[in-house]
Structure formats: C-alpha cells, structure tokens
$ cat start_38.cif   # mmCIF, C-alpha atoms
data_target
#
loop_
_atom_site.label_atom_id
_atom_site.label_comp_id
_atom_site.auth_asym_id
_atom_site.auth_seq_id
_atom_site.Cartn_x
_atom_site.Cartn_y
_atom_site.Cartn_z
CA MET A 549 -3.78 75.14 3.12
CA LEU A 550 -5.30 74.76 -0.32
CA VAL A 551 -7.62 77.44 -1.66
CA THR A 552 -9.89 76.64 -4.60
CA ASP A 553 -13.15 77.72 -6.19
CA ALA A 554 -14.71 74.30 -5.67
CA LEU A 555 -14.02 71.03 -3.92
CA VAL A 556 -15.54 67.90 -5.41
CA VAL A 557 -16.02 65.22 -2.78
CA GLY A 558 -16.00 61.84 -4.48
CA ALA A 559 -14.21 60.69 -7.63
CA GLY A 560 -17.02 58.49 -8.88
CA PRO A 561 -18.77 59.16 -12.20
CA VAL A 562 -20.81 62.09 -10.84
CA GLY A 563 -17.79 63.71 -9.18
CA LEU A 564 -15.67 63.30 -12.31
CA PHE A 565 -18.35 64.86 -14.48
CA ALA A 566 -18.80 67.71 -11.98
CA ALA A 567 -15.05 68.40 -12.17
CA PHE A 568 -15.31 68.39 -15.97
CA GLU A 569 -18.12 70.96 -15.89
CA LEU A 570 -16.09 73.13 -13.48
CA GLY A 571 -13.20 72.91 -15.94
CA LEU A 572 -15.47 74.15 -18.73
CA LEU A 573 -16.37 77.10 -16.49
CA GLU A 574 -12.67 77.76 -15.85
CA ALA A 575 -13.20 77.31 -12.11
CA SER A 576 -10.35 75.89 -10.09
CA CYS A 577 -11.17 72.70 -8.23
CA TYR A 578 -9.74 69.71 -6.44
CA VAL A 579 -11.24 66.25 -6.29
CA VAL A 580 -10.94 64.23 -3.07
CA ASP A 581 -11.95 60.65 -2.48
CA ALA A 582 -11.55 58.22 0.40
CA LEU A 583 -10.80 55.43 -2.05
CA PRO A 584 -7.30 54.88 -3.48
CA ARG A 585 -8.30 55.65 -7.10
CA ALA A 586 -10.93 57.28 -9.27
CA GLY A 587 -14.15 55.46 -10.03
CA GLY A 588 -15.99 55.24 -6.75
CA GLN A 589 -18.39 52.39 -6.16
CA CYS A 590 -19.07 52.16 -9.90
CA ALA A 591 -15.51 50.95 -10.52
CA MET A 592 -15.16 49.02 -7.27
CA LEU A 593 -18.43 47.09 -7.57
CA TYR A 594 -18.95 47.00 -11.35
CA GLY A 595 -15.41 47.27 -12.72
CA ALA A 596 -15.74 44.41 -15.21
CA LYS A 597 -19.53 44.00 -15.20
CA PRO A 598 -21.38 45.10 -18.35
CA LEU A 599 -23.48 48.24 -17.87
CA TYR A 600 -26.29 48.96 -20.31
CA ASP A 601 -27.91 52.02 -18.70
CA ILE A 602 -25.33 54.77 -19.35
CA PRO A 603 -26.67 57.50 -21.68
CA GLY A 604 -24.92 57.58 -25.04
CA LEU A 605 -23.15 54.23 -24.56
CA PRO A 606 -24.86 51.04 -25.73
CA ALA A 607 -22.64 49.02 -23.37
CA THR A 608 -19.63 49.64 -21.15
CA THR A 609 -18.19 48.54 -17.80
CA GLY A 610 -17.61 50.49 -14.61
CA ASP A 611 -13.91 50.69 -15.48
CA GLY A 612 -14.71 51.68 -19.07
CA LEU A 613 -16.98 54.50 -17.94
CA VAL A 614 -14.36 55.83 -15.52
CA GLU A 615 -11.67 55.66 -18.22
CA ARG A 616 -13.83 57.74 -20.57
CA LEU A 617 -14.64 60.29 -17.88
CA LEU A 618 -10.95 60.65 -16.96
CA GLU A 619 -10.10 61.10 -20.64
CA GLN A 620 -12.77 63.80 -20.94
CA LEU A 621 -11.42 65.51 -17.80
CA ALA A 622 -7.72 65.29 -18.75
CA PRO A 623 -7.38 68.64 -20.60
CA PHE A 624 -8.20 70.53 -17.40
CA ASP A 625 -5.33 69.04 -15.33
CA ILE A 626 -7.43 68.91 -12.16
CA PRO A 627 -5.60 67.59 -9.08
CA PHE A 628 -6.86 64.51 -7.25
CA HIS A 629 -6.33 63.57 -3.62
CA PHE A 630 -7.00 59.86 -3.11
CA GLY A 631 -7.15 58.14 0.25
CA SER A 632 -8.48 61.39 1.71
CA PRO A 633 -11.88 61.03 3.39
CA VAL A 634 -13.64 64.29 4.22
CA ALA A 635 -14.32 64.31 7.94
CA GLU A 636 -15.52 67.85 8.58
CA VAL A 637 -16.78 70.90 6.68
CA THR A 638 -16.78 74.15 8.66
CA PRO A 639 -18.17 77.46 7.37
CA ARG A 640 -15.86 80.46 7.80
CA GLU A 641 -16.78 84.11 8.27
CA SER A 642 -15.38 84.89 4.81
CA GLY A 643 -18.14 82.78 3.22
CA ARG A 644 -15.67 80.03 2.35
CA PHE A 645 -15.49 76.61 3.95
CA GLN A 646 -12.69 74.82 5.73
CA VAL A 647 -12.56 71.12 4.92
CA ALA A 648 -10.71 68.56 6.99
#
$ encode --input "start_38.cif" --output "structure tokens"
Amino acid sequence: MLVTDALVVGAGPVGLFAAFELGLLEASCYVVDALPRAGGQCAMLYGAKPLYDIPGLPATTGDGLVERLLEQLAPFDIPFHFGSPVAEVTPRESGRFQVA
C-alpha cells in the first residue's frame, strides 16, 4: 500500500501542473494515469498539431507542452504510475482515502 499526501489522477497538462504545485509545497504525491505515458488527451489528440492558446507560449504542440511540463516537474522526482486507471475511491475513518 502506498501512502502519500496527494494523489493526482491524470497525467495531462492539468495533472502535471498540479503535481508541480504540490512539489513546490513539499507535499508528497503520486501521479496515476490510465494511458501508457504522460500527456493525456492533449498529447494523444494534438501531439503534433500547433497550439496557439497556451498562456506564455506563442505556439507549441501537445507534445511540446507536455515536454515543458515534465521538465518543470523533474526536480521534484515525483513517481508516475501509467496504465493504471482509477476504478474506486473509498473514504476511510482516518480521513484518508483508499484508491483502487
């Protein structure tokens, strides 16, 4: 059983940035995603397509955005679990949650 301060469900751009913010707060976390790699739908659907609506970047691609987010997240050495869909979240008496 893994015990952590936070579990980020989804390794898309929002999940990666959430993990980065948790790293800044020195909170332990794990990132899980049903897909086989980071990037979520952004990378899967728009991997090579130009994106022009990302704040601070005049132009990038889904893959380019994910690469930058992973680079930003790298100093925190946060573990990823790919190919791991979350099927159930159960509250426990301790106030924590059990995730399957």
$ resolve_selection --input "start_38.cif" --expression "the PyMOL selection byres ((chain A and resi 561) around 10)" --output "ChimeraX atom specification"
/A:558-560,562-567,586-591,610,613-618
$ residues_around --input "start_38.cif" --residues "range 635-647 of chain A" --least-positions-apart "2" --cutoff "12 Å" --atoms "all atoms listed in the file" --output "PyMOL selection string"
chain A and resi 549-557+578+580-582+632-633
$ closest_residue --input "start_38.cif" --among "A:Leu605, A:Gly571, A:Glu619, A:Gly631" --to "Arg585 in chain A" --atoms "all atoms listed in the file"
A:Gly631
$ atom_distance --input "start_38.cif" --atom1 "CA of Phe628 in chain A" --atom2 "CA of Cys577 in chain A"
9.3 Å
$ atom_distance --input "start_38.cif" --atom1 "CA of Leu583 in chain A" --atom2 "CA of Phe630 in chain A"
5.9 Å
$ axis_aligned_box --input "start_38.cif" --around "range 558-563 of chain A" --padding-each-side "6 Å" --output "JSON"
{"center_x": -17.5, "center_y": 61.1, "center_z": -8.3, "size_x": 18.6, "size_y": 17.2, "size_z": 19.7}
$ atom_distance --input "start_38.cif" --atom1 "CA of Lys597 in chain A" --atom2 "CA of Glu569 in chain A"
27.0 Å
